[in-house]
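target_4.csv (CSV, C-alpha atoms)
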```
chain,number,residue,atom,x,y,z
A,859,MET,CA,19.1,0.9,-93.6
A,860,GLU,CA,16.1,0.8,-91.2
A,861,SER,CA,12.8,1.5,-93.0
A,862,ASN,CA,10.8,4.5,-91.9
A,863,ARG,CA,7.9,2.3,-91.2
A,864,ALA,CA,9.9,0.1,-88.8
A,865,VAL,CA,11.2,3.2,-87.1
A,866,PHE,CA,7.7,4.6,-86.8
A,867,LEU,CA,6.5,1.4,-85.2
A,868,GLN,CA,9.4,1.3,-82.8
A,869,GLY,CA,8.6,4.9,-81.8
A,870,MET,CA,5.0,3.8,-81.1
A,871,ARG,CA,6.2,0.9,-78.9
A,872,HIS,CA,8.5,3.3,-77.0
A,873,GLY,CA,5.7,5.7,-76.7
A,874,ILE,CA,3.6,3.3,-74.6
A,875,PRO,CA,5.3,4.0,-71.2
A,876,ILE,CA,5.3,7.7,-72.1
A,877,ALA,CA,1.6,7.5,-72.8
A,878,LEU,CA,0.9,5.8,-69.4
A,879,GLY,CA,2.8,8.4,-67.5
A,880,TYR,CA,1.1,11.1,-69.5
A,881,PHE,CA,-2.3,9.8,-68.7
A,882,ALA,CA,-1.6,10.0,-64.9
A,883,VAL,CA,0.0,13.4,-65.2
A,884,SER,CA,-2.6,14.9,-67.5
A,885,PHE,CA,-5.4,13.5,-65.3
A,886,SER,CA,-4.3,15.8,-62.5
A,887,LEU,CA,-3.7,18.6,-65.0
A,888,GLY,CA,-7.4,18.1,-66.0
A,889,ILE,CA,-8.4,18.7,-62.4
A,890,THR,CA,-6.6,22.0,-62.5
A,891,ALA,CA,-8.2,22.9,-65.9
A,892,ARG,CA,-11.6,22.3,-64.5
A,893,ASP,CA,-10.9,24.6,-61.6
A,894,CYS,CA,-9.8,27.2,-64.1
A,895,GLY,CA,-13.1,27.0,-66.0
A,896,PHE,CA,-12.3,24.6,-68.9
A,897,ASN,CA,-14.8,22.1,-70.0
A,898,ALA,CA,-13.8,18.6,-71.2
A,899,PHE,CA,-13.7,19.5,-74.9
A,900,GLN,CA,-11.7,22.7,-74.3
A,901,GLY,CA,-9.2,20.8,-72.1
A,902,PHE,CA,-8.9,18.1,-74.7
A,903,LEU,CA,-8.3,20.7,-77.4
A,904,ALA,CA,-5.7,22.6,-75.4
A,905,SER,CA,-3.8,19.3,-74.6
A,906,TYR,CA,-3.9,18.1,-78.2
A,907,THR,CA,-2.6,21.3,-79.6
A,908,THR,CA,-0.1,22.3,-76.9
A,909,TYR,CA,1.0,19.1,-75.1
A,910,ALA,CA,3.3,20.8,-72.6
A,911,SER,CA,2.5,20.1,-68.9
A,912,ALA,CA,4.1,23.2,-67.3
A,913,GLY,CA,3.1,25.4,-70.2
A,914,GLN,CA,-0.5,24.4,-70.0
A,915,TYR,CA,-0.6,24.7,-66.2
A,916,ILE,CA,0.5,28.3,-66.5
A,917,GLY,CA,-1.9,28.9,-69.4
A,918,PHE,CA,-4.9,27.5,-67.5
A,919,THR,CA,-4.2,29.6,-64.4
A,920,LEU,CA,-3.6,32.7,-66.5
A,921,TYR,CA,-7.0,32.2,-68.1
A,922,ALA,CA,-8.6,31.9,-64.7
A,923,ALA,CA,-6.8,35.1,-63.7
A,924,ASN,CA,-8.1,36.8,-66.8
A,925,ALA,CA,-4.6,37.7,-68.0
A,926,THR,CA,-4.0,39.5,-71.3
A,927,LEU,CA,-3.1,37.5,-74.5
A,928,PHE,CA,0.2,39.2,-74.4
A,929,GLN,CA,1.0,38.0,-70.9
A,930,LEU,CA,-0.2,34.5,-71.9
A,931,ALA,CA,2.2,34.5,-75.0
A,932,VAL,CA,5.2,35.7,-73.0
A,933,MET,CA,4.7,33.3,-70.1
A,934,THR,CA,4.1,30.4,-72.5
A,935,LEU,CA,7.4,31.2,-74.3
A,936,ILE,CA,9.3,31.4,-71.1
A,937,THR,CA,7.9,28.2,-69.7
A,938,ASN,CA,8.7,26.4,-72.9
A,939,LEU,CA,12.2,27.7,-73.4
A,940,ARG,CA,13.6,24.3,-72.8
A,941,TYR,CA,12.1,23.1,-76.1
A,942,LEU,CA,14.4,25.6,-77.8
A,943,LEU,CA,17.3,23.9,-76.1
A,944,MET,CA,16.1,20.5,-77.1
A,945,GLY,CA,15.5,21.8,-80.7
A,946,PHE,CA,19.2,22.8,-80.8
A,947,ALA,CA,20.3,19.5,-79.6
A,948,LEU,CA,18.2,17.6,-82.1
A,949,ASN,CA,19.3,19.8,-84.9
A,950,GLN,CA,22.9,18.7,-84.3
A,951,ARG,CA,21.8,15.2,-85.1
A,952,LEU,CA,19.6,15.9,-88.1
A,953,PRO,CA,21.2,15.2,-91.5
A,954,GLU,CA,21.8,18.6,-93.2
A,955,ASN,CA,19.7,17.7,-96.2
A,956,THR,CA,16.6,16.9,-94.1
A,957,SER,CA,13.5,18.2,-95.9
A,958,PRO,CA,11.5,21.2,-94.4
A,959,MET,CA,8.6,18.9,-93.8
A,960,LYS,CA,10.6,16.4,-91.7
A,961,ARG,CA,12.2,19.3,-89.8
A,962,LEU,CA,8.7,20.5,-89.0
A,963,ILE,CA,7.7,17.0,-87.7
A,964,THR,CA,10.9,16.8,-85.7
A,965,GLY,CA,10.2,20.1,-84.0
A,966,LEU,CA,6.5,19.6,-83.4
A,967,CYS,CA,7.0,16.2,-81.8
A,968,ILE,CA,9.3,17.6,-79.1
A,969,THR,CA,8.2,16.9,-75.6
A,970,ASP,CA,10.5,16.3,-72.6
A,971,GLU,CA,9.9,12.6,-72.8
A,972,ILE,CA,10.0,12.1,-76.6
A,973,PHE,CA,13.2,14.2,-76.7
A,974,GLY,CA,14.7,12.0,-74.1
A,975,ILE,CA,14.1,8.7,-75.9
A,976,THR,CA,15.0,10.2,-79.3
A,977,ILE,CA,18.4,11.6,-78.2
A,978,ALA,CA,19.2,8.2,-76.6
A,979,ARG,CA,18.8,6.4,-80.0
A,980,PRO,CA,22.0,5.9,-81.8
A,981,GLY,CA,22.6,7.4,-85.2
A,982,SER,CA,21.0,10.5,-86.7
A,983,VAL,CA,17.6,11.6,-85.6
A,984,ASN,CA,14.7,10.0,-87.5
A,985,PRO,CA,11.6,12.2,-87.5
A,986,PHE,CA,9.4,9.1,-87.9
A,987,TYR,CA,10.6,7.7,-84.6
A,988,MET,CA,9.4,10.9,-82.9
A,989,LEU,CA,6.2,10.9,-84.8
A,990,GLY,CA,5.5,7.3,-83.8
A,991,ALA,CA,6.0,8.1,-80.1
A,992,TRP,CA,3.9,11.3,-80.4
A,993,THR,CA,1.1,9.4,-82.2
A,994,VAL,CA,0.7,7.1,-79.1
A,995,ALA,CA,1.4,9.7,-76.4
A,996,ALA,CA,-0.5,12.8,-77.5
A,997,PRO,CA,-4.0,11.2,-77.5
A,998,MET,CA,-3.4,9.8,-74.0
A,999,TRP,CA,-2.3,13.2,-72.8
A,1000,SER,CA,-5.4,14.8,-74.3
A,1001,VAL,CA,-7.9,12.1,-73.1
A,1002,GLY,CA,-6.3,12.1,-69.6
A,1003,THR,CA,-6.9,15.9,-69.4
A,1004,ALA,CA,-10.5,15.5,-70.5
A,1005,LEU,CA,-11.1,12.7,-68.1
A,1006,GLY,CA,-9.5,14.7,-65.3
A,1007,ILE,CA,-12.0,17.4,-66.0
A,1008,VAL,CA,-15.0,15.1,-66.2
A,1009,MET,CA,-14.2,12.6,-63.5
A,1010,GLY,CA,-12.2,14.7,-61.1
A,1011,ASN,CA,-11.4,12.4,-58.2
A,1012,LEU,CA,-13.4,9.3,-59.3
A,1013,LEU,CA,-10.4,7.3,-60.6
A,1014,PRO,CA,-8.9,5.3,-57.8
A,1015,MET,CA,-5.9,7.3,-56.5
A,1016,ARG,CA,-4.0,4.1,-56.1
A,1017,LEU,CA,-4.0,3.6,-59.8
A,1018,VAL,CA,-3.1,7.2,-60.7
A,1019,SER,CA,-0.3,7.1,-58.1
A,1020,ALA,CA,1.2,3.9,-59.6
A,1021,LEU,CA,0.9,5.1,-63.2
A,1022,SER,CA,2.4,8.4,-62.4
A,1023,VAL,CA,5.9,6.9,-61.9
A,1024,ALA,CA,5.9,5.3,-65.4
A,1025,LEU,CA,7.2,8.6,-66.7
A,1026,TYR,CA,10.1,8.7,-64.3
A,1027,GLY,CA,11.0,5.1,-64.8
A,1028,MET,CA,11.3,5.9,-68.5
A,1029,PHE,CA,13.6,8.9,-67.7
A,1030,LEU,CA,15.8,6.6,-65.7
A,1031,SER,CA,16.0,4.1,-68.5
A,1032,VAL,CA,17.3,6.9,-70.7
A,1033,ILE,CA,19.9,8.3,-68.4
A,1034,ILE,CA,21.2,5.3,-66.4
A,1035,PRO,CA,22.7,3.1,-69.1
A,1036,PRO,CA,24.9,6.0,-70.5
A,1037,ALA,CA,25.8,6.9,-66.9
A,1038,ARG,CA,27.0,3.3,-66.4
A,1039,ARG,CA,29.3,3.6,-69.4
A,1040,ASP,CA,30.6,7.1,-68.9
A,1041,LYS,CA,31.8,8.1,-65.4
A,1042,ILE,CA,31.5,11.8,-66.1
A,1043,VAL,CA,27.8,11.4,-67.1
A,1044,CYS,CA,27.3,9.3,-64.0
A,1045,ALA,CA,28.8,12.0,-61.8
A,1046,PHE,CA,26.7,14.8,-63.4
A,1047,VAL,CA,23.5,12.7,-63.1
A,1048,ALA,CA,24.2,12.5,-59.3
A,1049,VAL,CA,25.0,16.2,-59.2
A,1050,SER,CA,21.7,16.9,-61.0
A,1051,PHE,CA,19.7,14.9,-58.6
A,1052,ALA,CA,21.3,16.6,-55.6
A,1053,SER,CA,21.0,20.1,-57.1
A,1054,SER,CA,17.5,19.6,-58.1
A,1055,TYR,CA,16.6,18.5,-54.6
A,1056,ALA,CA,18.5,21.5,-53.1
A,1057,ALA,CA,16.7,23.9,-55.5
A,1058,SER,CA,13.3,22.5,-54.3
A,1059,GLN,CA,14.2,23.3,-50.7
A,1060,LEU,CA,16.1,26.5,-50.8
A,1061,PRO,CA,14.2,29.7,-49.9
A,1062,MET,CA,13.6,32.0,-52.9
A,1063,VAL,CA,14.7,29.4,-55.4
A,1064,LYS,CA,11.9,27.1,-54.5
A,1065,GLU,CA,9.3,29.8,-55.3
A,1066,LEU,CA,10.2,29.4,-59.0
A,1067,SER,CA,8.1,27.1,-61.0
A,1068,ALA,CA,9.4,23.6,-61.5
A,1069,GLY,CA,9.8,24.3,-65.2
A,1070,ASN,CA,11.9,27.4,-64.6
A,1071,ARG,CA,14.1,25.5,-62.0
A,1072,THR,CA,14.6,22.8,-64.6
A,1073,ILE,CA,15.8,25.1,-67.3
A,1074,ILE,CA,18.1,27.1,-65.0
A,1075,LEU,CA,19.7,24.0,-63.5
A,1076,THR,CA,20.0,22.4,-66.9
A,1077,VAL,CA,21.9,25.4,-68.4
A,1078,VAL,CA,24.1,25.9,-65.4
A,1079,ILE,CA,25.1,22.2,-64.8
A,1080,SER,CA,25.5,21.4,-68.5
A,1081,ALA,CA,27.7,24.5,-69.0
A,1082,ILE,CA,29.9,23.5,-66.0
A,1083,ALA,CA,30.2,20.0,-67.4
A,1084,ALA,CA,31.0,21.3,-70.9
A,1085,ILE,CA,33.7,23.6,-69.5
A,1086,ALA,CA,35.3,21.1,-67.1
A,1087,PHE,CA,34.9,18.0,-69.3
A,1088,PRO,CA,34.7,19.1,-73.0
A,1089,VAL,CA,33.6,16.3,-75.2
A,1090,LYS,CA,36.1,15.7,-77.9
A,1091,LYS,CA,34.6,15.7,-81.4
A,1092,LYS,CA,35.6,12.1,-81.8
A,1093,THR,CA,33.8,11.0,-78.7
A,1094,ALA,CA,30.6,12.9,-79.7
A,1095,ALA,CA,30.8,11.2,-83.1
A,1096,VAL,CA,31.4,7.7,-81.6
A,1097,ASN,CA,28.4,8.2,-79.3
A,1098,LYS,CA,26.2,8.6,-82.4
A,1099,GLU,CA,27.1,5.1,-83.6
A,1100,ASP,CA,27.4,3.4,-80.2
A,1101,PRO,CA,25.1,0.4,-80.6
A,1102,GLY,CA,24.9,0.1,-76.8
A,1103,ASN,CA,23.1,3.3,-76.8
A,1104,ALA,CA,19.9,1.8,-78.2
A,1105,ALA,CA,16.9,2.4,-76.1
B,168,MET,CA,-14.7,40.4,-69.1
B,169,GLN,CA,-13.4,36.9,-69.7
B,170,HIS,CA,-11.4,36.4,-72.9
B,171,ASN,CA,-12.6,33.9,-75.6
B,172,ILE,CA,-11.2,30.6,-74.4
B,173,TYR,CA,-10.6,29.3,-77.9
B,174,ILE,CA,-8.3,32.3,-78.7
B,175,TYR,CA,-6.5,31.5,-75.4
B,176,ILE,CA,-6.0,27.9,-76.5
B,177,ALA,CA,-4.7,29.1,-79.9
B,178,VAL,CA,-2.2,31.5,-78.5
B,179,MET,CA,-0.9,28.9,-76.1
B,180,ALA,CA,-0.5,26.4,-78.9
B,181,LEU,CA,1.2,28.8,-81.3
B,182,ALA,CA,3.7,30.1,-78.7
B,183,THR,CA,4.6,26.6,-77.7
B,184,ALA,CA,4.9,25.5,-81.3
B,185,ALA,CA,7.3,28.4,-82.0
B,186,CYS,CA,9.7,27.1,-79.3
B,187,ARG,CA,9.6,23.7,-80.7
B,188,VAL,CA,10.0,24.5,-84.4
B,189,LEU,CA,12.4,27.5,-84.6
B,190,PRO,CA,15.8,25.8,-83.9
B,191,VAL,CA,15.3,22.8,-86.3
B,192,THR,CA,13.9,24.9,-89.1
B,193,LEU,CA,16.1,28.0,-88.9
B,194,ILE,CA,19.5,26.3,-88.5
B,195,ARG,CA,20.4,24.1,-91.4
B,196,ARG,CA,23.9,22.8,-90.5
B,197,PRO,CA,25.2,21.5,-87.1
B,198,ILE,CA,27.2,24.0,-85.1
B,199,GLU,CA,30.9,23.1,-84.8
B,200,ASN,CA,31.8,25.1,-81.7
B,201,GLN,CA,33.2,22.6,-79.1
B,202,PHE,CA,31.7,24.2,-76.0
B,203,PHE,CA,28.3,24.2,-77.6
B,204,GLN,CA,28.6,20.6,-78.7
B,205,SER,CA,29.8,19.5,-75.2
B,206,PHE,CA,27.0,21.5,-73.6
B,207,LEU,CA,24.4,19.8,-75.8
B,208,TYR,CA,26.0,16.4,-75.1
B,209,TYR,CA,25.3,16.8,-71.4
B,210,VAL,CA,21.9,18.6,-71.7
B,211,PRO,CA,19.6,15.5,-72.0
B,212,TYR,CA,21.1,13.7,-69.0
B,213,VAL,CA,21.1,16.7,-66.8
B,214,THR,CA,17.6,17.8,-67.7
B,215,LEU,CA,16.0,14.4,-67.3
B,216,ALA,CA,17.8,13.8,-64.0
B,217,VAL,CA,16.6,17.2,-62.7
B,218,MET,CA,13.0,16.4,-63.8
B,219,THR,CA,13.1,13.0,-62.1
B,220,PHE,CA,14.3,13.9,-58.6
B,221,PRO,CA,12.8,15.0,-56.3
B,222,ALA,CA,9.5,15.2,-58.4
B,223,ILE,CA,9.1,11.4,-58.2
B,224,LEU,CA,8.7,11.7,-54.4
B,225,THR,CA,5.6,13.9,-54.8
B,226,ALA,CA,4.1,12.1,-57.8
B,227,THR,CA,2.9,9.2,-55.6
B,228,GLN,CA,0.6,9.1,-52.6
B,229,SER,CA,3.5,8.4,-50.3
B,230,PRO,CA,7.1,9.7,-50.7
B,231,LEU,CA,8.3,6.3,-49.6
B,232,SER,CA,6.8,4.5,-52.6
B,233,GLY,CA,8.2,7.2,-54.9
B,234,ALA,CA,11.7,6.7,-53.5
B,235,ALA,CA,11.4,2.9,-53.8
B,236,ALA,CA,10.2,3.3,-57.4
B,237,MET,CA,13.3,5.4,-58.1
B,238,ILE,CA,15.7,2.8,-56.6
B,239,VAL,CA,14.0,-0.1,-58.4
B,240,GLY,CA,14.1,2.0,-61.7
B,241,ILE,CA,17.8,2.8,-61.3
B,242,LEU,CA,18.7,-0.8,-60.6
B,243,ALA,CA,16.6,-2.2,-63.4
B,244,ALA,CA,18.0,0.3,-65.9
B,245,TRP,CA,21.6,-0.3,-64.6
B,246,PHE,CA,21.3,-4.0,-65.3
B,247,GLY,CA,20.0,-3.4,-68.8
B,248,ALA,CA,16.2,-3.8,-68.5
B,249,SER,CA,14.3,-2.3,-71.5
B,250,LEU,CA,12.5,1.0,-71.3
B,251,PHE,CA,9.1,-0.6,-70.9
B,252,LEU,CA,10.3,-3.0,-68.2
B,253,VAL,CA,11.9,-0.2,-66.2
B,254,ALA,CA,8.7,1.9,-66.3
B,255,GLY,CA,6.5,-1.2,-65.5
B,256,MET,CA,8.7,-2.3,-62.6
B,257,SER,CA,8.6,1.3,-61.1
B,258,CYS,CA,4.7,1.3,-61.4
B,259,LEU,CA,4.4,-2.1,-59.8
B,260,THR,CA,6.7,-1.1,-56.9
B,261,VAL,CA,4.4,1.8,-56.1
B,262,PHE,CA,1.2,-0.2,-56.5
B,263,ILE,CA,2.4,-3.0,-54.2
B,264,LEU,CA,4.0,-0.7,-51.6
B,265,GLU,CA,0.9,1.5,-51.4
B,266,LEU,CA,-1.2,-1.6,-50.7
B,267,ILE,CA,0.9,-2.0,-47.6
B,268,VAL,CA,1.7,1.5,-46.5
B,269,ILE,CA,-1.6,3.3,-47.2
```

Go through the file and emit its structure as structure tokens.
Amino acid sequence: MESNRAVFLQGMRHGIPIALGYFAVSFSLGITARDCGFNAFQGFLASYTTYASAGQYIGFTLYAANATLFQLAVMTLITNLRYLLMGFALNQRLPENTSPMKRLITGLCITDEIFGITIARPGSVNPFYMLGAWTVAAPMWSVGTALGIVMGNLLPMRLVSALSVALYGMFLSVIIPPARRDKIVCAFVAVSFASSYAASQLPMVKELSAGNRTIILTVVISAIAAIAFPVKKKTAAVNKEDPGNAA
Amino acid sequence: MQHNIYIYIAVMALATAACRVLPVTLIRRPIENQFFQSFLYYVPYVTLAVMTFPAILTATQSPLSGAAAMIVGILAAWFGASLFLVAGMSCLTVFILELIVI
């Protein structure tokens, strides 16, 4: 049995590339925040309490547009709908007797990236793994936002540019190993790349925000995969214990 | 009149937290439905793939270095490099290429 402490520390280690990627992304988010009238403290606070890139981007621009709080709440909910989906997925892998406190931690630590590395871990979901990753990643996200507001374009673009792909490298390290083992996953990863590219080019569709395109494509492609290639219960259970699945 | 920015930040945080917390706290037992299970099995791969491409092409200063980072990342992950190594190699690819290209 792995100790919670060891799992927490592993989460922290795996949180490092996430934190680097976050820093680069939140730095540019900070530039947007400044344009929308946020000072460094307010940007830091918003990032530490919300930590959702697309959601915050929408929130900042709505503030600048002087939208109502109701509009803000509705738009935030819509932009972050994918977290609901991720919550459902994590719930399937939480032991039934998980305490309310640990369930709360599991939910609150959800970000796209932390969800990605958590779901790739074999066995049931351990909230302490997520908390470890969040503990490393969230401060970087918040500091990056504040620095973006303060420094604007002072940080060398070369560095920001290189750091910004850390996030995607991490995504790839989550999806590629299972794609190598499972031909169907491999095919649907390829389909997802192609569809996502098409959606970014097609008239009308490309006007949607990246967050909304992501959720629509995720639901449609995953539903097609689930209908065409249902996962037998046994396979799903095996996947949980597959040691090769370790991140 | 501009709204109080701190109330704005609070509403943003609460609405986001609601999306994160509701499924894991309201549902106590795993859902047995086969379609739903299969759907959730594919969700993480599809969503991460969708978020990676083509976004990686516009994350960098030149689409070329983004594309190269993606190829390097896929190859490294395919041949079993750790999460940190894959991320690091992608970053290094961009840094070196942009020294030449830009």

Have a look at CA of Val1049 (chain A) and CA of Val213 (chain B) and let me know their distance in Å, one decimal.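 Atom-to-atom, CA of Val1049 (chain A) and CA of Val213 (chain B) are spaced 8.6 Å apart.
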
Nearest candidate to chain A (options B:Ser229, B:Asn171, B:Asn200, B:Ser205; using only C-alpha atoms):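 Checking each candidate against chain A, we get B:Ser205 as the closest.
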
For chain B, work out the contacting residues on chain A at 7 Å, counting all atoms listed in the file, and write them as an MDAnalysis selection string. chainID A and resid 875 904 907:908 917 924 927 931 934:935 938:939 941:942 945:947 949:950 954 958 961:962 965:966 968 974 1016 1019:1031 1033:1035 1038 1046:1047 1050:1051 1054:1055 1072 1076 1080:1081 1084:1085 1088:1089 1105

Report, in Å to a single decimal, how far apart CA of Asp970 (chain A) and CA of Ala864 (chain A) are.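 Result for CA of Ala864 (chain A) versus CA of Asp970 (chain A): 22.9 Å, one decimal.
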
Students should find that CA of Ser1053 (chain A) and CA of Glu1065 (chain A) are spaced 15.3 Å

Polymer residues at most 9 Å from region 996-1003 of chain A, all atoms listed in the file, same-chain spacing of 3 or more positions, as a VMD selection string: chain A and resid 877 to 889 891 898 901 to 907 909 991 to 993 1006 to 1008

Which of these, A:Ser1058, A:Met1009, A:Thr937, A:Ala1004, has the shortest distance to Ile1073 (chain A) once you count all atoms listed in the file?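 Answer, going by the shortest atom-to-atom distance: A:Thr937.
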
So, with all atoms listed in the file as the atoms that count, which of A:Met933, A:Cys894, A:Ala1068, A:Ala1086 lies closest to Tyr921 (chain A)? A:Cys894
